[in-house]
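So the structure is just underneath, and the comments pick up after that.
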Amino acid sequence: MKTQWRYSCLPIVVVAAALAASPAFAQAVDTARIDAAGQNDWLTYHGSYKSYHYSPLAQINANNVANLSVAWIHIPGRSTRGLQSMPLVADGVLYYTGSYSRVFALNGATGEVIWSYFPELDEALIARQTHSPYNRGAAIGEGKVFVGTMDGRLIGLDMKTGKVAWDTKLIDSQKLTVGFTGAPLYAKGTVIIGAQGGEWPGRGPIFAVDAATGKKKWEFLTVAGTDEAMKTWGSDSWRTGGGGGWMPGTYDSETNTVLWGTANPAPLYDWSGGDYKTQGARPGDNLYTSSVLGLDIDTGKLKFFHQELPHDAWDFDSAVGEFVMLDRDGQKLVVHPNKSGYIFVYDRSLGLKNVWRITENSNFVKNIDPKTGELIGRRDFKAGKVDEPLCPYISGGVSFNSGSYNPRTGLYYKLGQEWCMTLEVMKTTPVTAPQAQLNIGADFKIAPPPGGEIYGHLDARDPVTGAKKWEVRFPEPPLASVLSTAGNLVFVPDSRGTIHAYDAETGTELWNHSDGTGHQGGIISYSAGGKQYIAVTAGFGGMASDDYAPTFGGVYKSMPRDDGALIVYSLK
Amino acid sequence: MKLHVGKLAALPSAVLGASLICTALVQAQSATPAPDNGFDVEQLFAGTCGFCHSDGGRAASKGPQLMNSPRDDDFIRNRIKNGKSGAMPAFGAAFSDAQIDQIIKYIRSLKPREG
């Protein structure tokens with residue numbers, strides 16, 4: 001009788017599982033659903049608007065992770081400069097992007113291709129770009145998948161078919177060189193995407209587009225975007241100021257605000273000396289570069305901001321970094337890492353609450369005042385050789401990829417990078433015609449920290465105070481994102497190509513597996529058909545990882561920089 | 001029309017009424033690029049090339065070391081003009097042949113820094 005009951009129920013279970021993994025079963029992805037951060041999905045780049053990069057799934061856990069093995073693999077092809085994107089999952093369907101903004105919708109349980117979309121791009125333009133042709137992810141919402149392109153477009157695709165719903169040109173990339181490599185953000189009927197910028201002489205726009213029609217709703221210029229900001233760029237330097245917002249931020253539904261980090265000013269290294277307010281290439285604080293912004297999602301109006309590095313003279317922008325939304329002792333907080341390795345803690349209006357540092361080796365400032373945010377003992381160079389190496393290196397104290405906050409342990413798992421650089425600051429002139437070119441302002445070279453070697457580390461810390469519970473070191477800085485789960489696990493895909501699982505409480509390594517090439521992209525967990533999966537992108541190459549072969553040799557010498565795969569794990 | 005940065009700066013101000021040139025200069029703001037005959041390759045490396053060719057081309061990093069490069073001039077010229085997919089941008093539209101020759105001359109003259 002018991003057996004009979006089991007058999008009779010089996011078809012129902014199979015049908016239910018098939019339905020759950022079927023796009024036909026898909027429910028609308030809207031702001032409320034992303035806000036709620038469902039159990040089985042990964043609906044936006046940072047997981048949910050809370051930006052935890054955390055999965056509440058616990059089928060895979062510290063007790064059984066040793067049984068994790070590859071469920072399926074997908075090869076996107078043409079992975080020039082590897083794979084750098086963060087997959088998304090809704091209702092059992094996995095969406096992800098590859099280089100050249102290729103988009104795939106796959107059955108999350110089997111890897112079967114449901115649809116694919118390869119946009120026709122301006123290849124001649126892309127051949128002239130330096131930070132290209134990688135893509136860091138898509139957004140989903142209102143039945144569409146949204147992706148940016150390196151030739152300055154934002155495209156909306158039908159989520160079920162991959163057919164183009166709209167294709168909106170936002171930037172004159174032919175002139176400005178920059179395009180979109182970062183993932184967009186969907187919220188409240190709006191798709192937000194920030195342009196590349198930083199070292200290019202432009203004004204670094206952030207755009208909002210109507211999700212239904214593709215029509216531009218607003219544009220915010222991160223360089224001198226207000227009258228107040230215009231006064232912080234002497235000598236008309238705002239015209240070539242850089243800026244941008246090349247990684248996705250998040251949305252705070254309680255305040256109807258988009259939170260977004262901005263890139264550095266150009267040239268990266270200024271020759272002002274100490275009097276940066278009146279001297280050098282771009283006299284003044286250079287608002288709103290290297291800042292975090294609160295923009296009204298309906299109008300694009302600036303509501304509040306904090307400039308993490310006034311007059312950034314070291315290329316440590318705020319475009320990197322997640323916005324971790326916490327409720328702590330009755331306070332609603334936001335934690336945001338800056339590329340320098342300093343971690344800023346704010347209230348929800350970006351009022352500063354604390355600053356702490358994840359890196360050991362840091363000397364661009366002596367400290368940042370945790371109460372006022374003032375840069376104490378800042379190093380503002382003059383033209384010429386800089387005697388003491390600058391720490392961290394231009395690739396940052398943290399990567400553009402994200403850490404993970406685990407609400408069960410209360411710990412923030414974040415990678416730090418220990419490396420420095422020698423440099424000679426040189427006066428340069430912005431080049432804007434016939435096409436904008438990089439404006440660095442120095443000759444530089446990677447260097448080990450004084451008295452030590454280059455390394456990276458995964459830290460488990462209190463996200464508000466920075467108090468460290470444990471640390472795991474890596475011989476070369478890992479560059480990929482981190483995932484933690486309710487199964488008491490932290491996953492770190494490293495640069496050599498090994499994915500590691502650690503006990504979230506202790507840092508003890510519980511499992512590892514080779515993915516065959518270096519990691520520098522996203523990692524997520526989801527459920528399809530009642531089964532938990534871990535999906536990670538592998539594929540090396542790009543602005544940080546291109547340094548690894550000449551710097552570290554070893555496995556990096558033969559590691560391809562034009563290859564990649566999406567690898568999905570489940571329990572055996 | 002191929003607009004060279006250096007040529008723009010060499011134009012007398014009276015000619016700047018031409019709309020195309022005005023556009024370029026407005027965007028360039030304080031850009032005061034040198035004329036072709038004053039093309040400053042050292043500055044070019046500090047502004048653009050050095051992002052990948054470290055220490056002014058003296059050290060390998062994202063791109064190869066250029067000092068003492070075993071590649072011949074034709075190879076380097078072709079690489080600057082046409083780039084290499086996924087590794088080096090094409091600069092054929094940005095620099096004239098004469099400027100590329102000057103870049104090659106700079107590369108050939110590279111010596112280790114003193115001290």
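Please note that chains go A, B, ... in the order of the structure tokens, that every chain numbers its residues from 1, and that ligands are numbered from 1 in the order shown.
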
Practice item. Please identify all polymer residues within 6 Å of range 471-478 of chain A, counting only C-alpha atoms, omitting same-chain residues fewer than 6 positions from it, and present them as a VMD selection string. Key: chain A and resid 417 455 to 459 494 to 495

I'd like a table as CSV: residues in chain A with an atom no more than 7 Å from chain B, each row giving the shortest atom pair and its distance in Å to one decimal, only C-alpha atoms counted, sorted by chain and rising residue number.
residue,atom,partner,partner_atom,distance
A:Thr80,CA,B:Gly86,CA,5.5
A:Arg81,CA,B:Gly86,CA,6.0
A:Ala127,CA,B:Pro89,CA,5.4
A:Arg128,CA,B:Pro89,CA,4.4
A:Gln129,CA,B:Pro89,CA,5.5
A:Thr130,CA,B:Pro89,CA,5.6
A:Asp236,CA,B:Gln29,CA,6.8
A:Arg239,CA,B:Gln29,CA,6.0
A:Thr240,CA,B:Ala28,CA,6.8
A:Met426,CA,B:Ala46,CA,6.3
A:Thr428,CA,B:Gln43,CA,5.8
A:Thr429,CA,B:Ala31,CA,5.4
A:Pro430,CA,B:Ala31,CA,5.4
A:Val431,CA,B:Ala28,CA,6.5
A:Thr432,CA,B:Ala28,CA,5.3
A:Ala433,CA,B:Ala24,CA,5.9
A:Pro434,CA,B:Leu3,CA,5.6
A:Gln435,CA,B:Ala94,CA,7.0
A:Gln437,CA,B:Thr48,CA,6.5
A:Leu438,CA,B:Thr48,CA,4.8
A:Asn439,CA,B:Gly47,CA,4.3
A:Ile440,CA,B:Gly47,CA,4.5
A:Gly441,CA,B:Gly47,CA,5.3
A:Ala442,CA,B:Ala46,CA,4.7
A:Asp443,CA,B:Asp55,CA,4.7
A:Phe444,CA,B:Asp55,CA,4.8
A:Lys445,CA,B:Ser54,CA,5.2
A:Asp546,CA,B:Lys62,CA,4.6
A:Asp547,CA,B:Lys62,CA,4.8
A:Pro550,CA,B:Ser61,CA,5.9

Check your understanding: Arg108 in chain B: which residues within 10 Å, counting only C-alpha atoms, same-chain residues fewer than 3 positions away excluded, as a list of chain:residue names?
Key ->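 Listed by chain and then number, they are B:Leu66, B:Met67, B:Asn68, B:Ser69, B:Asp73, B:Gln102, B:Ile103, B:Ile104, B:Lys105, B:Lys111.
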
Store the residues picked out above in a file with C-alpha atoms, as a tab-separated table (two decimals), in the first residue's frame.
chain	number	residue	atom	x	y	z
B	66	LEU	CA	58.36	46.78	-25.68
B	67	MET	CA	61.93	47.62	-24.69
B	68	ASN	CA	64.28	45.29	-26.62
B	69	SER	CA	61.31	43.85	-28.51
B	73	ASP	CA	59.23	47.41	-37.29
B	102	GLN	CA	57.65	58.07	-34.10
B	103	ILE	CA	56.13	55.55	-31.68
B	104	ILE	CA	58.36	52.83	-33.14
B	105	LYS	CA	61.36	55.12	-32.82
B	111	LYS	CA	66.46	51.96	-21.98

Exercise for review: Enter the distance from CA of Glu360 in chain A to CA of Gly553 in chain A, in Å, rounded to one decimal.
Suggested key: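 Separating CA of Glu360 in chain A from CA of Gly553 in chain A is a distance of 24.0 Å.
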
**Study point:** Å distance separating CA of Leu121 in chain A from CA of Gly152 in chain A, one decimal place
**Key:**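 Interatomic distance, CA of Leu121 in chain A to CA of Gly152 in chain A: 9.7 Å.
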
Review point. So which residues of range 269-328 of chain A fall under strand (DSSP E) by DSSP, listed as a list in words?
Key: Ser291, Val292, Leu293, Gly294, Leu295, Asp296, Leu302, Lys303, Phe304, Phe305, His306, Gln307, Val324, Met325, Leu326, Asp327 and Arg328 of chain A

Check your understanding: To one decimal place, how far is CA of Phe323 in chain A from CA of Thr409 in chain A in Å?
Key ->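 Between CA of Phe323 in chain A and CA of Thr409 in chain A the gap is 18.5 Å.
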
Check your understanding: Quick one: of A:Gly249, A:Gly330, A:Gly194, A:Gly156, who's nearest to Tyr117 in chain A, counting only C-alpha atoms?
Key ->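 Checking each candidate against Tyr117 in chain A, we get A:Gly156 as the closest.
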
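Counting only C-alpha atoms, the residue from A:Ile343, A:Val355, A:Ala62, A:Ala36 that sits nearest to Glu322 in chain A is A:Ile343.
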
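Nearest to Ile206 in chain A of all the residues A:Ile155, A:Val365, A:Met559, A:Leu302 is A:Leu302, based on only C-alpha atoms.
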
Write out as a compact mmCIF listing (two decimals) with N, CA and C atoms, in the first residue's frame which residues come within 12 Å of Val536 in chain A when counting only C-alpha atoms, dropping same-chain ones fewer than 5 positions away.
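File part-v7.txt, as written:
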# COMPACT_ATOMS: atom_id res chain seq x y z
N VAL A 70 29.82 18.30 -10.97
CA VAL A 70 29.32 19.07 -12.11
C VAL A 70 28.02 18.45 -12.62
N ALA A 71 26.98 19.29 -12.70
CA ALA A 71 25.69 18.84 -13.24
C ALA A 71 25.64 19.06 -14.75
N TRP A 72 26.04 20.23 -15.18
CA TRP A 72 26.10 20.54 -16.61
C TRP A 72 26.99 21.75 -16.85
N ILE A 73 27.38 21.88 -18.11
CA ILE A 73 28.28 22.98 -18.51
C ILE A 73 27.70 23.63 -19.76
N HIS A 74 27.86 24.93 -19.86
CA HIS A 74 27.48 25.61 -21.10
C HIS A 74 28.66 26.44 -21.60
N LEU A 83 35.08 35.14 -19.17
CA LEU A 83 33.68 35.34 -18.78
C LEU A 83 33.65 36.11 -17.46
N GLN A 84 32.92 37.20 -17.43
CA GLN A 84 32.93 38.07 -16.25
C GLN A 84 31.53 38.31 -15.70
N SER A 85 30.54 37.58 -16.16
CA SER A 85 29.17 37.98 -15.85
C SER A 85 28.58 37.23 -14.65
N MET A 86 27.53 37.79 -14.13
CA MET A 86 26.76 37.22 -13.02
C MET A 86 25.48 36.61 -13.61
N PRO A 87 25.32 35.29 -13.52
CA PRO A 87 24.07 34.71 -14.03
C PRO A 87 22.86 35.18 -13.21
N LEU A 88 21.69 35.07 -13.80
CA LEU A 88 20.43 35.34 -13.11
C LEU A 88 19.54 34.11 -13.27
N LEU A 94 17.83 29.93 -16.30
CA LEU A 94 19.06 30.69 -16.03
C LEU A 94 19.37 31.58 -17.23
N TYR A 96 22.23 34.33 -18.73
CA TYR A 96 23.56 34.91 -18.50
C TYR A 96 24.11 35.46 -19.79
N ALA A 480 37.13 36.92 -8.50
CA ALA A 480 35.72 36.65 -8.76
C ALA A 480 34.84 37.06 -7.58
N SER A 481 33.53 36.94 -7.79
CA SER A 481 32.59 37.21 -6.70
C SER A 481 32.55 36.03 -5.73
N VAL A 482 31.99 36.30 -4.55
CA VAL A 482 31.88 35.32 -3.47
C VAL A 482 30.40 35.03 -3.26
N LEU A 483 30.11 33.78 -2.88
CA LEU A 483 28.73 33.38 -2.58
C LEU A 483 28.70 32.75 -1.19
N PHE A 491 31.54 30.10 -0.90
CA PHE A 491 32.21 29.64 -2.12
C PHE A 491 33.11 30.76 -2.65
N VAL A 492 34.35 30.39 -2.98
CA VAL A 492 35.30 31.33 -3.58
C VAL A 492 35.88 30.70 -4.85
N PRO A 493 35.54 31.24 -6.02
CA PRO A 493 36.18 30.80 -7.26
C PRO A 493 37.51 31.55 -7.41
N ASP A 494 38.64 30.84 -7.41
CA ASP A 494 39.92 31.57 -7.37
C ASP A 494 40.49 31.80 -8.77
N GLY A 497 41.71 28.80 -11.02
CA GLY A 497 40.68 27.99 -11.66
C GLY A 497 40.02 26.99 -10.73
N THR A 498 40.35 27.07 -9.44
CA THR A 498 39.74 26.17 -8.47
C THR A 498 38.61 26.89 -7.74
N ILE A 499 37.49 26.22 -7.60
CA ILE A 499 36.41 26.76 -6.78
C ILE A 499 36.48 26.06 -5.42
N HIS A 500 36.44 26.88 -4.35
CA HIS A 500 36.58 26.37 -2.99
C HIS A 500 35.27 26.57 -2.23
N HIS A 513 37.21 22.12 -6.36
CA HIS A 513 37.12 21.45 -7.65
C HIS A 513 37.71 22.38 -8.71
N SER A 514 38.42 21.80 -9.67
CA SER A 514 39.01 22.61 -10.73
C SER A 514 37.99 22.85 -11.85
N ASP A 515 37.89 24.11 -12.25
CA ASP A 515 37.04 24.46 -13.40
C ASP A 515 37.88 24.62 -14.67
N THR A 517 40.08 26.74 -15.75
CA THR A 517 40.61 28.06 -16.11
C THR A 517 40.21 29.05 -15.03
N GLY A 518 40.88 30.19 -15.01
CA GLY A 518 40.68 31.15 -13.93
C GLY A 518 39.28 31.74 -13.88
N HIS A 519 38.90 32.18 -12.67
CA HIS A 519 37.59 32.80 -12.46
C HIS A 519 37.74 34.31 -12.29
N GLN A 520 36.80 35.05 -12.80
CA GLN A 520 36.79 36.50 -12.58
C GLN A 520 35.38 37.06 -12.76
N GLY A 521 34.39 36.20 -12.53
CA GLY A 521 33.02 36.65 -12.72
C GLY A 521 32.13 36.26 -11.56
N GLY A 522 30.90 35.93 -11.90
CA GLY A 522 29.88 35.73 -10.88
C GLY A 522 29.72 34.31 -10.43
N ILE A 523 29.05 34.16 -9.30
CA ILE A 523 28.67 32.85 -8.77
C ILE A 523 27.34 33.03 -8.04
N ILE A 524 26.43 32.09 -8.29
CA ILE A 524 25.10 32.19 -7.70
C ILE A 524 24.63 30.80 -7.26
N SER A 525 23.53 30.76 -6.51
CA SER A 525 22.85 29.50 -6.23
C SER A 525 21.36 29.68 -6.49
N TYR A 526 20.73 28.60 -6.92
CA TYR A 526 19.31 28.65 -7.24
C TYR A 526 18.74 27.26 -7.12
N GLY A 564 35.99 30.39 -22.06
CA GLY A 564 35.17 30.45 -20.85
C GLY A 564 34.03 29.46 -20.89
N ALA A 565 33.48 29.21 -19.72
CA ALA A 565 32.35 28.29 -19.61
C ALA A 565 31.52 28.66 -18.39
N LEU A 566 30.25 28.35 -18.47
CA LEU A 566 29.38 28.40 -17.29
C LEU A 566 29.33 26.97 -16.74
N ILE A 567 29.70 26.82 -15.48
CA ILE A 567 29.77 25.49 -14.88
C ILE A 567 28.77 25.43 -13.73
N VAL A 568 27.93 24.41 -13.75
CA VAL A 568 26.84 24.31 -12.77
C VAL A 568 26.99 23.02 -11.98
N TYR A 569 26.98 23.18 -10.66
CA TYR A 569 27.18 22.05 -9.75
C TYR A 569 25.88 21.69 -9.03
N SER A 570 25.79 20.40 -8.67
CA SER A 570 24.71 19.95 -7.79
C SER A 570 25.23 18.73 -7.02
